[in-house]
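Visitor: The structure's right below; bear with me while I get my questions together.
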Amino acid sequence: MVLIHLAKMTLLDASCQAFGPILIPPKVHGEVLAGEEKGYPDATIIERSIQEGMVQVRDLDEDAQEALEDLAALTVRGGEAEAIALCWQEDIQRLATDDDNVRNKQELLGVQCVGTPALLLSLYKDGRIAEAKVHRALDLLERVGWFSQAVLDKVRMEVNRWEER
């Protein structure tokens with residue numbers, strides 16, 4: 001979902017510039033392709049980023065494939081499971097995810113999760129996006145309804161505090 005949110009907010013390029021190439025597993029890429037077939041503009045943006053190398057599809061090795069069974073036992077499946085297995089394979093410590101199940105198990109999984117709202121705040125504090133862009137992005141997230149109002153309000157307060165500096 002983070003990729004989709006960033007694409008919808010037209011922040012995928014800024015995120016790749018700030019954090020480097022984004023690695024995704026094949027299952028996540030498959031989800032993007034399914035969205036593109038349905039005509040979702042965010043999927044087209046993500047696919048362009050893949051073609052330009054800003055988002056990279058990385059296959060899972062044999063060990064990572066075997067880890068998927070362990071993740072299924074923890075009720076982590078699909079694209080999220082492959083993304084975690086990819087983190088383990090590539091020794092990546094941070095995982096961009098808005099999945100509450102994964103976020104609640106991040107310590108057990110050995111990854112630090114960062115969600116869309118935190119990424120927005122980071123892009124703003126690093127001067128990569130303007131205050132107006134953050135507020136438009138937060139409004140979009142509010143309309144999507146994926147995030148609690150408290151989380152979005154907290155980010156707005158942080159933006160306001162940062163702006164007062």
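Labels for the structure tokens follow display order: chains A, B, ..., residues from 1 in each chain, ligands from 1.
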Taking the DSSP secondary structure from the backbone, can you list the residues of range 12-124 of chain A that are alpha helix (DSSP H), as a PyMOL selection string?
Guide: chain A and resi 12-19+26-37+41-51+62-73+78-90+100-104+106-109+116-124
Visitor: Each residue of range 32-132 of chain A with at least one atom at most 9 Å from range 157-163 of chain A should appear once, together with its nearest atom pair and the corresponding distance in Å (one decimal); atoms considered: only C-alpha atoms; ordering: chain, then increasing residue number; output as a Markdown table.
Guide:
```
| residue | atom | partner | partner_atom | distance |
| --- | --- | --- | --- | --- |
| A:Leu121 | CA | A:Val159 | CA | 7.1 |
| A:Tyr124 | CA | A:Val159 | CA | 7.7 |
| A:Lys125 | CA | A:Trp162 | CA | 7.4 |
| A:Glu131 | CA | A:Val159 | CA | 7.3 |
```
Visitor: Quick one: of A:Ile4, A:Ala64, A:Ala118, A:Ala34, who's nearest to Val134 in chain A, counting only C-alpha atoms?
Guide: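 Under the stated criterion, the closest residue is A:Ala118.
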Visitor: Which residue gives the smallest distance to Leu140 in chain A among A:Arg165, A:Gln51, A:Lys8, A:Val76, with only C-alpha atoms counted?
Guide: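 Looking only at the distances to Leu140 in chain A, the closest residue turns out to be A:Lys8.
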Visitor: Within 10 Å of range 21-28 of chain A, counting only C-alpha atoms, which residues show up once you throw out same-chain ones fewer than 3 positions away? Write them as a PyMOL selection string, please.
Guide: chain A and resi 1+3+12-13+15-18+31-34+49-50+53-60+78-87+90+92+95-96
Visitor: CA of Arg103 in chain A to CA of Gly115 in chain A: how many Å, to one decimal?
Guide: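 Rounded to one decimal, the two atoms are 8.8 Å apart.
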Visitor: With only C-alpha atoms as the atoms that count, which of A:Ala14, A:Arg143, A:Pro117, A:Leu108 lies nearest to Arg156 in chain A?
Guide: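 Using only C-alpha atoms, Arg156 in chain A sits closest to A:Pro117.
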Visitor: Taking only range 4-143 of chain A into account, list the residues labelled strand (DSSP E) by DSSP (computed from the backbone), as a VMD selection string.
Guide: chain A and resid 22 to 24 55 to 57 94 to 96 112 to 114
Visitor: Can you list, as a list in words, every protein, DNA or RNA residue that comes within 10 Å of Glu36 in chain A when you count only C-alpha atoms, leaving out same-chain residues fewer than 5 positions away?
Guide: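 The residues that qualify are Gly30, Glu31, Pro41, Asp42, Ala43, Thr44, Ile45, Ile46 and Glu47 of chain A.
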Visitor: Save the residues we just selected, N, CA and C atoms, as a PDB file, in the first residue's frame?
Guide:
```
ATOM      1  N   GLY A  30       3.484  -8.125  -9.015  1.00  0.00           N
ATOM      2  CA  GLY A  30       2.265  -8.698  -9.600  1.00  0.00           C
ATOM      3  C   GLY A  30       1.025  -7.900  -9.229  1.00  0.00           C
ATOM      4  N   GLU A  31       0.979  -7.417  -7.993  1.00  0.00           N
ATOM      5  CA  GLU A  31      -0.149  -6.592  -7.561  1.00  0.00           C
ATOM      6  C   GLU A  31      -0.174  -5.270  -8.336  1.00  0.00           C
ATOM      7  N   PRO A  41      -4.209   4.690 -12.361  1.00  0.00           N
ATOM      8  CA  PRO A  41      -3.073   5.559 -12.711  1.00  0.00           C
ATOM      9  C   PRO A  41      -1.870   5.367 -11.791  1.00  0.00           C
ATOM     10  N   ASP A  42      -2.107   5.053 -10.511  1.00  0.00           N
ATOM     11  CA  ASP A  42      -0.972   4.856  -9.604  1.00  0.00           C
ATOM     12  C   ASP A  42      -0.135   3.652 -10.034  1.00  0.00           C
ATOM     13  N   ALA A  43      -0.768   2.625 -10.560  1.00  0.00           N
ATOM     14  CA  ALA A  43      -0.029   1.445 -11.021  1.00  0.00           C
ATOM     15  C   ALA A  43       0.852   1.797 -12.215  1.00  0.00           C
ATOM     16  N   THR A  44       0.356   2.650 -13.095  1.00  0.00           N
ATOM     17  CA  THR A  44       1.147   3.093 -14.247  1.00  0.00           C
ATOM     18  C   THR A  44       2.366   3.888 -13.778  1.00  0.00           C
ATOM     19  N   ILE A  45       2.186   4.722 -12.765  1.00  0.00           N
ATOM     20  CA  ILE A  45       3.302   5.504 -12.201  1.00  0.00           C
ATOM     21  C   ILE A  45       4.348   4.564 -11.609  1.00  0.00           C
ATOM     22  N   ILE A  46       3.902   3.557 -10.870  1.00  0.00           N
ATOM     23  CA  ILE A  46       4.839   2.602 -10.246  1.00  0.00           C
ATOM     24  C   ILE A  46       5.579   1.824 -11.327  1.00  0.00           C
ATOM     25  N   GLU A  47       4.859   1.378 -12.340  1.00  0.00           N
ATOM     26  CA  GLU A  47       5.494   0.613 -13.416  1.00  0.00           C
ATOM     27  C   GLU A  47       6.539   1.463 -14.144  1.00  0.00           C
TER      28      GLU A  47
END
```
Visitor: Do you know which residues are at most 9 Å from Ala137 in chain A counting only C-alpha atoms, after dropping those on the same chain fewer than 5 positions away, and could you put them as an MDAnalysis selection string?
Guide: chainID A and resid 5:6 8:11 120 132 142
Visitor: Any chance you could export the current selection's C-alpha atoms as a PDB file, in the first residue's frame?
Guide:
```pdb
ATOM      1  CA  HIS A   5      -0.119   5.797  -1.626  1.00  0.00           C
ATOM      2  CA  LEU A   6       3.145   7.437  -2.691  1.00  0.00           C
ATOM      3  CA  LYS A   8      -1.326   8.546  -5.719  1.00  0.00           C
ATOM      4  CA  MET A   9       0.226  11.486  -3.864  1.00  0.00           C
ATOM      5  CA  THR A  10       2.808  11.961  -6.668  1.00  0.00           C
ATOM      6  CA  LEU A  11       5.582  11.413  -4.127  1.00  0.00           C
ATOM      7  CA  LEU A 120       5.512  12.083   4.383  1.00  0.00           C
ATOM      8  CA  ALA A 132       1.182  22.591   1.047  1.00  0.00           C
ATOM      9  CA  GLU A 142      -7.859  10.958   4.975  1.00  0.00           C
TER      10      GLU A 142
END
```
Visitor: For the atom pair CA of Arg94 in chain A and CA of Leu123 in chain A, what is the interatomic distance in Å to one decimal place?
Guide: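 Pair CA of Arg94 in chain A / CA of Leu123 in chain A returns 15.9 Å.
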